[in-house]
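A.B. asks: What follows is start-v7.pdb, made up of PDB, C-alpha atoms:
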```
MODEL        1
ATOM      1  CA  MET A  16       0.000   0.000   0.000
ATOM      2  CA  SER A  17       1.351   3.402  -0.933
ATOM      3  CA  ALA A  18       1.250   6.447   1.314
ATOM      4  CA  GLN A  19      -1.318   8.004  -1.047
ATOM      5  CA  GLU A  20      -3.586   4.931  -0.804
ATOM      6  CA  LEU A  21      -3.349   4.838   2.985
ATOM      7  CA  ALA A  22      -4.089   8.571   3.176
ATOM      8  CA  ALA A  23      -7.250   8.085   1.102
ATOM      9  CA  LEU A  24      -8.466   5.246   3.335
ATOM     10  CA  VAL A  25      -8.059   7.194   6.573
ATOM     11  CA  GLY A  26      -9.153  10.550   5.185
ATOM     12  CA  THR A  27      -5.962  12.582   5.314
ATOM     13  CA  SER A  28      -3.176  13.723   3.015
ATOM     14  CA  LYS A  29      -0.126  11.856   1.729
ATOM     15  CA  ALA A  30       2.124  14.475   3.344
ATOM     16  CA  ARG A  31       0.533  13.783   6.727
ATOM     17  CA  ILE A  32       1.090  10.028   6.372
ATOM     18  CA  LEU A  33       4.747  10.601   5.502
ATOM     19  CA  ALA A  34       5.057  12.884   8.527
ATOM     20  CA  TYR A  35       3.670  10.108  10.731
ATOM     21  CA  GLU A  36       6.123   7.607   9.286
ATOM     22  CA  SER A  37       9.100   9.882   9.875
ATOM     23  CA  GLU A  38       7.807  10.756  13.385
ATOM     24  CA  ARG A  39       7.743  14.449  12.497
ATOM     25  CA  SER A  40       4.072  14.391  13.519
ATOM     26  CA  ILE A  41       2.160  12.259  16.042
ATOM     27  CA  PRO A  42      -1.348  11.087  15.094
ATOM     28  CA  GLU A  43      -4.303  12.086  17.226
ATOM     29  CA  PRO A  44      -5.939   9.244  19.196
ATOM     30  CA  LYS A  45      -8.805   8.814  16.726
ATOM     31  CA  ARG A  46      -6.397   8.824  13.793
ATOM     32  CA  ILE A  47      -4.357   6.053  15.473
ATOM     33  CA  VAL A  48      -7.494   3.930  15.701
ATOM     34  CA  ASP A  49      -8.318   4.614  12.031
ATOM     35  CA  LEU A  50      -4.793   3.687  10.951
ATOM     36  CA  ALA A  51      -4.827   0.535  13.079
ATOM     37  CA  THR A  52      -8.171  -0.531  11.568
ATOM     38  CA  VAL A  53      -6.936  -0.074   8.006
ATOM     39  CA  LEU A  54      -3.593  -1.780   8.664
ATOM     40  CA  GLY A  55      -5.133  -4.591  10.713
ATOM     41  CA  VAL A  56      -2.893  -4.121  13.780
ATOM     42  CA  PRO A  57      -3.594  -3.203  17.437
ATOM     43  CA  PRO A  58      -3.584   0.564  18.110
ATOM     44  CA  LYS A  59      -0.822   0.012  20.679
ATOM     45  CA  GLN A  60       1.542  -1.056  17.892
ATOM     46  CA  LEU A  61       1.222   2.344  16.217
ATOM     47  CA  SER A  62       1.611   4.516  19.297
ATOM     48  CA  VAL A  63       4.688   6.682  19.614
ATOM     49  CA  SER A  64       5.617   7.366  23.230
ATOM     50  CA  ASP A  65       8.486   9.387  24.616
ATOM     51  CA  ALA A  66       7.669   8.486  28.225
ATOM     52  CA  GLY A  67       9.926   5.454  28.303
ATOM     53  CA  TYR A  68       7.175   3.297  29.862
ATOM     54  CA  TYR A  69       3.528   2.420  29.306
ATOM     55  CA  ALA A  70       1.875   5.690  30.355
ATOM     56  CA  ILE A  71      -1.743   6.676  30.969
ATOM     57  CA  ARG A  72      -1.529   8.889  27.881
ATOM     58  CA  ASP A  73      -0.548   5.873  25.772
ATOM     59  CA  MET A  74      -3.508   3.914  27.118
ATOM     60  CA  ARG A  75      -5.832   6.777  26.221
ATOM     61  CA  TYR A  76      -4.387   6.980  22.712
ATOM     62  CA  HIS A  77      -5.153   3.305  22.206
ATOM     63  CA  THR A  78      -8.834   3.946  22.965
ATOM     64  CA  GLY A  79      -9.019   6.717  20.365
ATOM     65  CA  ARG A  80     -10.317   9.311  22.840
ATOM     66  CA  THR A  81      -9.116  12.816  23.525
ATOM     67  CA  ALA A  82      -8.279  14.007  27.031
ATOM     68  CA  ALA A  83     -11.531  15.976  27.186
ATOM     69  CA  GLU A  84     -13.598  12.936  26.170
ATOM     70  CA  LEU A  85     -11.968  10.669  28.735
ATOM     71  CA  ALA A  86     -12.322  13.293  31.483
ATOM     72  CA  ALA A  87     -16.048  13.492  30.719
ATOM     73  CA  ASP A  88     -16.332   9.687  30.845
ATOM     74  CA  LEU A  89     -14.596   9.662  34.250
ATOM     75  CA  GLY A  90     -16.752  12.459  35.628
ATOM     76  CA  ILE A  91     -13.821  14.753  36.440
ATOM     77  CA  SER A  92     -12.676  18.092  35.085
ATOM     78  CA  ARG A  93     -10.266  18.331  32.181
ATOM     79  CA  ALA A  94      -7.726  20.023  34.484
ATOM     80  CA  ALA A  95      -7.955  17.110  36.935
ATOM     81  CA  TYR A  96      -7.395  14.611  34.146
ATOM     82  CA  ARG A  97      -4.470  16.675  32.834
ATOM     83  CA  ASP A  98      -2.857  16.334  36.274
ATOM     84  CA  ILE A  99      -3.201  12.554  36.011
ATOM     85  CA  GLU A 100      -1.411  12.362  32.662
ATOM     86  CA  ARG A 101       1.255  15.004  33.270
ATOM     87  CA  GLU A 102       2.033  14.527  36.969
ATOM     88  CA  ALA A 103       0.336  11.257  38.039
ATOM     89  CA  LEU A 104      -1.732  13.255  40.538
ATOM     90  CA  LEU A 105      -5.180  11.973  41.449
ATOM     91  CA  PRO A 106      -7.755  14.405  42.896
ATOM     92  CA  VAL A 107      -7.408  14.656  46.672
ATOM     93  CA  ARG A 108     -11.184  14.585  47.170
ATOM     94  CA  ASP A 109     -11.900  11.263  45.510
ATOM     95  CA  ASP A 110     -13.832   8.267  46.799
ATOM     96  CA  GLY A 111     -10.962   5.946  45.883
ATOM     97  CA  THR A 112     -12.681   4.477  42.825
ATOM     98  CA  LEU A 113     -10.951   6.674  40.215
ATOM     99  CA  PRO A 114      -8.209   4.085  39.457
ATOM    100  CA  LEU A 115     -10.974   1.515  38.951
ATOM    101  CA  ARG A 116     -12.863   3.880  36.655
ATOM    102  CA  LEU A 117      -9.647   4.564  34.755
ATOM    103  CA  SER A 118      -9.070   0.832  34.379
ATOM    104  CA  THR A 119     -12.561   0.359  32.948
ATOM    105  CA  ALA A 120     -12.463   3.417  30.682
ATOM    106  CA  LEU A 121      -9.023   2.549  29.306
ATOM    107  CA  ASP A 122      -9.817  -1.182  29.040
ATOM    108  CA  GLN A 123      -6.632  -2.018  30.940
ATOM    109  CA  PRO A 124      -6.016  -4.145  34.054
ATOM    110  CA  LEU A 125      -6.057  -2.156  37.300
ATOM    111  CA  ARG A 126      -2.511  -3.245  38.152
ATOM    112  CA  LEU A 127      -1.288  -1.763  34.847
ATOM    113  CA  VAL A 128      -2.987   1.562  35.585
ATOM    114  CA  GLN A 129      -1.486   1.636  39.081
ATOM    115  CA  ARG A 130       1.944   0.770  37.698
ATOM    116  CA  ALA A 131       1.702   3.577  35.129
ATOM    117  CA  LEU A 132       0.906   6.069  37.890
ATOM    118  CA  GLU A 133       3.722   4.821  40.129
ATOM    119  CA  GLN A 134       6.339   4.738  37.356
ATOM    120  CA  HIS A 135       5.549   8.230  36.099
ATOM    121  CA  PRO A 136       8.780  10.290  36.241
ATOM    122  CA  VAL A 137       7.107  13.048  38.249
ATOM    123  CA  ALA A 138       5.743  10.528  40.764
ATOM    124  CA  THR A 139       9.202   8.976  41.070
ATOM    125  CA  ALA A 140      10.720  12.412  41.676
ATOM    126  CA  ARG A 141       8.120  13.142  44.378
ATOM    127  CA  ARG A 142       8.982   9.935  46.230
ATOM    128  CA  THR A 143      12.693  10.764  46.007
ATOM    129  CA  GLN A 144      12.089  14.211  47.471
ATOM    130  CA  ILE A 145      10.027  12.773  50.318
ATOM    131  CA  ALA A 146      12.707  10.140  51.004
ATOM    132  CA  ASP A 147      15.380  12.847  51.217
ATOM    133  CA  HIS A 148      13.401  14.739  53.855
ATOM    134  CA  LEU A 149      12.623  11.514  55.727
ATOM    135  CA  SER A 150      16.321  10.672  55.828
ATOM    136  CA  GLU A 151      16.914  13.820  57.859
ATOM    137  CA  LEU A 152      14.022  13.081  60.211
ATOM    138  CA  PHE A 153      15.070   9.455  60.700
ATOM    139  CA  HIS A 154      18.650  10.539  61.351
ATOM    140  CA  GLN A 155      17.375  12.764  64.154
ATOM    141  CA  ALA A 156      15.296   9.871  65.509
ATOM    142  CA  GLY A 157      18.465   7.788  65.796
ATOM    143  CA  HIS A 158      19.837   9.868  68.681
ATOM    144  CA  LYS A 159      19.579   8.039  72.001
ATOM    145  CA  HIS A 160      17.339   9.424  74.761
ATOM    146  CA  VAL A 161      15.843  12.006  72.386
ATOM    147  CA  PRO A 162      12.079  11.754  71.732
ATOM    148  CA  ALA A 163      11.380  10.631  68.170
ATOM    149  CA  VAL A 164       8.722  13.221  67.397
ATOM    150  CA  VAL A 165       8.344  16.071  64.955
ATOM    151  CA  ASP A 166       6.201  19.187  65.315
ATOM    152  CA  ALA A 167       4.364  21.307  62.782
ATOM    153  CA  SER A 168       7.157  23.883  62.576
ATOM    154  CA  ASP A 169       9.710  21.405  61.214
ATOM    155  CA  VAL A 170      10.820  22.427  57.712
ATOM    156  CA  HIS A 171      11.101  18.834  56.528
ATOM    157  CA  LEU A 172       7.553  18.086  57.639
ATOM    158  CA  GLN A 173       6.268  21.192  55.885
ATOM    159  CA  ALA A 174       8.059  20.222  52.687
ATOM    160  CA  ILE A 175       6.609  16.695  52.793
ATOM    161  CA  ALA A 176       3.117  18.068  53.430
ATOM    162  CA  GLY A 177       3.445  20.266  50.349
ATOM    163  CA  ILE A 178       4.564  17.362  48.187
ATOM    164  CA  LEU A 179       1.751  15.123  49.442
ATOM    165  CA  ARG A 180      -0.815  17.962  49.187
ATOM    166  CA  ARG A 181      -2.070  17.259  52.706
ATOM    167  CA  SER A 182      -2.512  19.442  55.763
ATOM    168  CA  ILE A 183       0.347  19.958  58.187
ATOM    169  CA  GLY A 184      -1.663  18.308  60.994
ATOM    170  CA  VAL A 185      -2.365  15.116  59.025
ATOM    171  CA  VAL A 186       1.225  14.757  57.835
ATOM    172  CA  CYS A 187       2.545  15.508  61.345
ATOM    173  CA  ARG A 188       0.507  12.647  62.803
ATOM    174  CA  LEU A 189       1.534  10.281  60.014
ATOM    175  CA  LEU A 190       5.234  11.122  60.328
ATOM    176  CA  ASN A 191       5.198  10.729  64.100
ATOM    177  CA  TYR A 192       3.706   7.280  63.632
ATOM    178  CA  GLU A 193       6.390   6.378  61.080
ATOM    179  CA  LEU A 194       9.097   7.741  63.391
ATOM    180  CA  SER A 195       7.840   5.510  66.196
ATOM    181  CA  GLN A 196       8.012   2.511  63.846
ATOM    182  CA  TYR A 197      11.544   3.467  62.821
ATOM    183  CA  ARG A 198      12.610   3.864  66.451
ATOM    184  CA  GLN A 199      11.268   0.359  67.111
ATOM    185  CA  LEU A 200      13.476  -0.980  64.318
ATOM    186  CA  LEU A 201      16.480   0.582  66.038
ATOM    187  CA  ALA A 202      15.463  -0.984  69.339
ATOM    188  CA  ASP A 203      15.000  -4.391  67.714
ATOM    189  CA  ARG A 204      18.444  -4.171  66.135
ATOM    190  CA  ALA A 205      20.039  -3.316  69.484
ATOM    191  CA  ALA A 206      18.307  -6.303  71.079
ATOM    192  CA  ARG A 207      19.473  -8.668  68.330
ATOM    193  CA  GLU A 208      23.029  -7.320  68.582
ATOM    194  CA  ALA A 209      22.981  -8.117  72.299
ATOM    195  CA  GLU A 210      21.683 -11.621  71.522
ATOM    196  CA  ALA A 211      24.486 -12.147  69.011
ATOM    197  CA  ALA A 212      27.114 -10.953  71.500
ATOM    198  CA  TYR A 213      25.904 -13.180  74.323
ATOM    199  CA  ALA A 214      24.490 -16.161  72.413
ATOM    200  CA  GLN A 215      25.021 -19.451  74.235
ATOM    201  CA  SER A 216      25.503 -21.450  71.044
ATOM    202  CA  ALA A 217      26.992 -20.879  67.626
ATOM    203  CA  ARG A 218      23.647 -21.537  65.946
ATOM    204  CA  ALA A 219      21.854 -19.003  68.133
ATOM    205  CA  GLY A 220      24.591 -16.477  67.365
ATOM    206  CA  GLU A 221      24.192 -17.041  63.616
ATOM    207  CA  ARG A 222      20.430 -16.524  63.830
ATOM    208  CA  ALA A 223      20.881 -13.304  65.780
ATOM    209  CA  ARG A 224      23.492 -11.976  63.347
ATOM    210  CA  ALA A 225      21.209 -12.802  60.392
ATOM    211  CA  ALA A 226      18.426 -10.892  62.113
ATOM    212  CA  VAL A 227      20.769  -7.915  62.595
ATOM    213  CA  LEU A 228      21.617  -7.912  58.877
ATOM    214  CA  ALA A 229      17.939  -8.005  57.935
ATOM    215  CA  LEU A 230      17.155  -5.137  60.308
ATOM    216  CA  ASN A 231      20.100  -3.125  58.959
ATOM    217  CA  ASN A 232      18.654  -3.463  55.483
ATOM    218  CA  ARG A 233      15.214  -2.306  56.652
ATOM    219  CA  ILE A 234      16.754   0.646  58.492
ATOM    220  CA  GLU A 235      18.848   1.713  55.498
ATOM    221  CA  THR A 236      15.924   1.501  53.096
ATOM    222  CA  ALA A 237      13.378   2.991  55.540
ATOM    223  CA  PRO A 238      13.249   6.494  53.972
ATOM    224  CA  ALA A 239      12.501   5.202  50.468
ATOM    225  CA  SER A 240      10.138   2.521  51.787
ATOM    226  CA  VAL A 241       8.152   4.936  53.947
ATOM    227  CA  ALA A 242       8.012   7.513  51.136
ATOM    228  CA  SER A 243       6.473   4.904  48.833
ATOM    229  CA  THR A 244       4.123   3.607  51.543
ATOM    230  CA  LEU A 245       2.845   7.066  52.505
ATOM    231  CA  ASN A 246       2.312   8.103  48.908
ATOM    232  CA  ARG A 247       0.383   4.949  48.043
ATOM    233  CA  PHE A 248      -1.633   5.046  51.260
ATOM    234  CA  LEU A 249      -2.813   8.611  50.668
ATOM    235  CA  VAL A 250      -3.614   7.895  47.020
ATOM    236  CA  GLU A 251      -5.642   4.775  47.826
ATOM    237  CA  ALA A 252      -7.050   5.782  51.241
ATOM    238  CA  MET A 253     -10.773   5.609  51.890
ATOM    239  CA  ASN A 254     -12.417   8.974  52.351
ATOM    240  CA  GLY A 255     -13.849   9.939  55.727
ATOM    241  CA  ARG A 256     -17.342   8.600  55.035
ATOM    242  CA  GLN A 257     -15.992   5.275  53.833
ATOM    243  CA  TRP A 258     -13.679   4.839  56.825
ATOM    244  CA  ARG A 259     -16.488   5.725  59.244
ATOM    245  CA  ALA A 260     -18.735   3.160  57.553
ATOM    246  CA  VAL A 261     -16.019   0.500  57.778
ATOM    247  CA  VAL A 262     -15.473   1.244  61.471
ATOM    248  CA  GLN A 263     -19.215   0.975  62.122
ATOM    249  CA  LEU A 264     -19.268  -2.370  60.337
ATOM    250  CA  TYR A 265     -16.271  -3.751  62.229
ATOM    251  CA  ASN A 266     -17.478  -2.452  65.581
ATOM    252  CA  THR A 267     -20.840  -4.214  65.340
ATOM    253  CA  ASN A 268     -20.865  -7.792  66.535
ATOM    254  CA  TRP A 269     -21.241  -9.159  63.028
ATOM    255  CA  ARG A 270     -19.132 -12.216  63.888
ATOM    256  CA  LEU A 271     -21.997 -13.424  66.095
ATOM    257  CA  GLY A 272     -24.678 -12.667  63.550
ATOM    258  CA  THR A 273     -25.670  -9.103  64.434
ATOM    259  CA  LEU A 274     -25.687  -7.314  61.082
ATOM    260  CA  HIS A 275     -24.887  -3.660  60.544
ATOM    261  CA  HIS A 276     -27.866  -1.523  59.489
ATOM    262  CA  VAL A 277     -27.410   1.635  57.454
ATOM    263  CA  GLU A 278     -29.900   4.196  58.731
ATOM    264  CA  ASP A 279     -29.061   7.005  56.318
ATOM    265  CA  PRO A 280     -30.066   6.139  52.708
ATOM    266  CA  SER A 281     -27.468   8.606  51.431
ATOM    267  CA  ASP A 282     -24.785   6.208  52.678
ATOM    268  CA  GLU A 283     -25.700   3.759  49.936
ATOM    269  CA  GLU A 284     -23.165   5.422  47.624
ATOM    270  CA  THR A 285     -20.470   4.953  50.270
ATOM    271  CA  TRP A 286     -21.211   1.235  50.659
ATOM    272  CA  LYS A 287     -21.274   0.746  46.903
ATOM    273  CA  ALA A 288     -17.864   2.411  46.574
ATOM    274  CA  LEU A 289     -16.486   0.098  49.276
ATOM    275  CA  GLN A 290     -17.938  -2.879  47.441
ATOM    276  CA  GLN A 291     -16.402  -1.739  44.142
ATOM    277  CA  ARG A 292     -13.029  -1.493  45.854
ATOM    278  CA  GLY A 293     -13.340  -5.038  47.154
ATOM    279  CA  PHE A 294     -13.441  -4.124  50.865
ATOM    280  CA  ILE A 295     -16.925  -5.548  51.527
ATOM    281  CA  GLU A 296     -19.182  -8.082  49.858
ATOM    282  CA  GLU A 297     -22.802  -9.123  49.814
ATOM    283  CA  VAL A 298     -23.303 -12.653  51.099
ATOM    284  CA  GLY A 299     -26.332 -14.750  50.236
ATOM    285  CA  ALA A 300     -29.685 -13.597  48.916
ATOM    286  CA  THR A 301     -30.164 -11.133  51.774
ATOM    287  CA  ASN A 302     -27.552  -8.640  50.537
ATOM    288  CA  ALA A 303     -25.960  -8.825  53.978
ATOM    289  CA  VAL A 304     -22.657  -6.966  54.062
ATOM    290  CA  PHE A 305     -19.458  -8.427  55.499
ATOM    291  CA  PRO A 306     -15.783  -7.523  55.194
ATOM    292  CA  THR A 307     -13.835  -9.395  52.552
ATOM    293  CA  GLU A 308     -10.499 -10.997  53.360
ATOM    294  CA  ARG A 309      -8.877  -8.183  51.379
ATOM    295  CA  GLY A 310     -10.810  -5.647  53.420
ATOM    296  CA  VAL A 311      -9.725  -7.244  56.677
ATOM    297  CA  ARG A 312      -6.074  -7.219  55.579
ATOM    298  CA  GLN A 313      -6.358  -3.586  54.487
ATOM    299  CA  VAL A 314      -7.901  -2.456  57.770
ATOM    300  CA  ARG A 315      -5.520  -4.538  59.878
ATOM    301  CA  SER A 316      -2.393  -3.197  58.144
ATOM    302  CA  GLN A 317      -3.498   0.439  57.803
ATOM    303  CA  ALA A 318      -5.664   1.053  60.898
ATOM    304  CA  ALA A 319      -2.940   3.081  62.631
ATOM    305  CA  ARG A 320      -2.452   5.316  59.578
ATOM    306  CA  TYR A 321      -6.211   5.806  59.215
ATOM    307  CA  GLY A 322      -6.195   6.874  62.866
ATOM    308  CA  CYS A 323      -3.707   9.589  61.883
ATOM    309  CA  LEU A 324      -5.782  10.578  58.866
ATOM    310  CA  TYR A 325      -9.147  10.642  60.683
ATOM    311  CA  PRO A 326      -8.364  11.084  64.407
ATOM    312  CA  ARG A 327     -11.987  11.832  65.347
ATOM    313  CA  ILE A 328     -13.250   8.472  64.104
ATOM    314  CA  PRO A 329     -12.936   5.644  66.676
ATOM    315  CA  ALA A 330     -10.554   2.798  65.954
ATOM    316  CA  PRO A 331     -12.073  -0.394  64.531
ATOM    317  CA  ILE A 332     -12.259  -3.649  66.469
ATOM    318  CA  LEU A 333     -10.242  -5.926  64.210
ATOM    319  CA  PRO A 334     -11.750  -9.403  63.692
ATOM    320  CA  GLN A 335     -10.129 -12.586  62.504
ATOM    321  CA  PRO A 336     -10.683 -13.289  58.767
ATOM    322  CA  ARG A 337     -13.787 -15.370  58.082
ATOM    323  CA  ARG A 338     -14.309 -17.954  55.399
ATOM    324  CA  ARG A 339     -17.053 -17.447  52.853
ATOM    325  CA  SER A 340     -18.902 -20.532  54.078
ATOM    326  CA  GLN A 341     -18.972 -19.122  57.623
ATOM    327  CA  LEU A 342     -20.220 -15.747  56.405
ATOM    328  CA  ALA A 343     -22.949 -17.379  54.322
ATOM    329  CA  HIS A 344     -24.054 -19.387  57.357
ATOM    330  CA  VAL A 345     -24.424 -16.203  59.396
ATOM    331  CA  SER A 346     -26.283 -14.336  56.647
ATOM    332  CA  ALA A 347     -28.727 -17.243  56.229
ATOM    333  CA  ARG A 348     -30.142 -16.378  59.662
ATOM    334  CA  PHE A 349     -31.298 -13.018  58.356
ATOM    335  CA  SER A 350     -33.260 -13.861  55.212
ATOM    336  CA  ASP A 351     -35.437 -10.758  55.554
ATOM    337  CA  THR A 352     -32.630  -8.304  56.411
ATOM    338  CA  ARG A 353     -31.390  -5.910  53.771
ATOM    339  CA  ILE A 354     -28.253  -3.860  54.270
ATOM    340  CA  LEU A 355     -27.796  -2.044  50.964
TER
ENDMDL
END
```
Turn this file's structure into structure tokens for me.
C.D. replies:
Amino acid sequence: MSAQELAALVGTSKARILAYESERSIPEPKRIVDLATVLGVPPKQLSVSDAGYYAIRDMRYHTGRTAAELAADLGISRAAYRDIEREALLPVRDDGTLPLRLSTALDQPLRLVQRALEQHPVATARRTQIADHLSELFHQAGHKHVPAVVDASDVHLQAIAGILRRSIGVVCRLLNYELSQYRQLLADRAAREAEAAYAQSARAGERARAAVLALNNRIETAPASVASTLNRFLVEAMNGRQWRAVVQLYNTNWRLGTLHHVEDPSDEETWKALQQRGFIEEVGATNAVFPTERGVRQVRSQAARYGCLYPRIPAPILPQPRRRSQLAHVSARFSDTRIL
């Protein structure tokens, strides 16, 4: 097929086709789809990306939609969507379902969307900046007999709050929690070093020294690890209404068959968002709501950080994970109860 023939089939000029081929011009998303249809190849094969990785923009190009069209499909402003593509920034006031909506709209697995956001150069630079500031705070926490706390006037805390786009108070509580965890690592290492020094057998000494090496690695990588953890937590965190609903669910005696009733009909949107995110599920024909195993793991691992994020909401009573068969047995006792 000549360039002239291809141009006629897709409704453009021969000069434009030659510009595409020489990469002097990049086709619009809809033109990529037209070219892929004529040539019988996936749109992805024709995309030209300078990002160096599979970016959100590339995924949008493969769908043939403009940024404005995709923003409308997602129910967000064009400026908010522009922040996603250019800086991997999700809106702060989101119910946590935007990555899921992106996955559906772009027809890509959720893990690929999350990876594209995490690998974005601007997101990587943000984590590096946070890690640099954390290194200074953790170094200060390493001094013996000095409280491992930070206050709102600390310049490193203020810088981290600006990068994370969160209030000073929220970031202060989160960083003080992370500092306490870091200080515990230091204490654990000191205890293992003492065990290694006074071990009563060679094998016990080897185990203690191996533990010291593992703790050293965690301590050395703590700034980068915490920077990544904090960034992901704040991106994926439930909003206040969702966390309050989860706490209400966990703090009812659902393990013994007492189901949680939602009195305010406006909360239905909150419960549906939690269900979409895989934190709760309906069991049986009664639509009874119970935590999923994923939800239990999420709450168990992040309860302390949610306490920093929403200090006025009581802490949840954490249950042991339940099997589906056990949950179904409980819900069967409430055939006339409807939760959602």
A.B. asks: Please evaluate the PyMOL selection byres ((chain A and resi 129) around 10) against the displayed coordinates and give the resulting residues as number ranges by chain.
C.D. replies: A: 71, 103, 114-115, 117-118, 124-128, 130-134, 247
A.B. asks: Determine the residue set returned by the PyMOL selection byres ((chain A and resi 145-147) around 6) for the present structure, and present it as a list in words.
C.D. replies: Arg142, Thr143, Gln144, His148, Leu149, Ser150, Ile175, Pro238, Ala239 and Ala242 of chain A
A.B. asks: Put the listed atoms of segment 30-40 of chain A in a box along x, y and z with 5 Å added on every side and give me the centre and edge lengths in Å to one decimal, as JSON.
C.D. replies:
```
{"center_x": 4.8, "center_y": 11.0, "center_z": 8.4, "size_x": 18.6, "size_y": 16.9, "size_z": 20.2}
```
A.B. asks: Hey, can you check how far atom CA of Gly184 of chain A sits from atom CA of Thr285 of chain A?
C.D. replies: 25.4 Å
A.B. asks: Please expand the PyMOL selection byres ((chain A and resi 47) around 8) into the concrete residues it hits in this file, giving the result as JSON, numbers by chain.
C.D. replies: {"A": [42, 43, 44, 45, 46, 48, 49, 50, 51, 58, 61, 62, 76, 77, 79]}
A.B. asks: Can you pull out the residues contacting segment 191-202 of chain A? Cut-off 10 Å, using all atoms listed in the file, and skip same-chain residues under 6 positions away; I want them as a compact mmCIF listing (two decimals) with C-alpha atoms, keeping the file's coordinate frame.
C.D. replies:
```
# COMPACT_ATOMS: atom_id res chain seq x y z
CA LEU A 149 12.62 11.51 55.73
CA LEU A 152 14.02 13.08 60.21
CA PHE A 153 15.07 9.46 60.70
CA GLN A 155 17.38 12.76 64.15
CA ALA A 156 15.30 9.87 65.51
CA GLY A 157 18.46 7.79 65.80
CA HIS A 158 19.84 9.87 68.68
CA LYS A 159 19.58 8.04 72.00
CA PRO A 162 12.08 11.75 71.73
CA ALA A 163 11.38 10.63 68.17
CA VAL A 164 8.72 13.22 67.40
CA VAL A 165 8.34 16.07 64.96
CA ASP A 166 6.20 19.19 65.32
CA GLU A 208 23.03 -7.32 68.58
CA LEU A 230 17.16 -5.14 60.31
CA ASN A 231 20.10 -3.12 58.96
CA ARG A 233 15.21 -2.31 56.65
CA ILE A 234 16.75 0.65 58.49
CA ALA A 237 13.38 2.99 55.54
CA PRO A 238 13.25 6.49 53.97
CA VAL A 241 8.15 4.94 53.95
CA LEU A 245 2.84 7.07 52.50
CA ALA A 319 -2.94 3.08 62.63
CA ARG A 320 -2.45 5.32 59.58
CA GLY A 322 -6.20 6.87 62.87
CA CYS A 323 -3.71 9.59 61.88
```
A.B. asks: Quick one: of A:Ala229, A:Ala120, A:Ala30, A:Leu249, who's nearest to Ala176 of chain A, counting only C-alpha atoms?
C.D. replies: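 That would be A:Leu249, the residue with the smallest distance to Ala176 of chain A.
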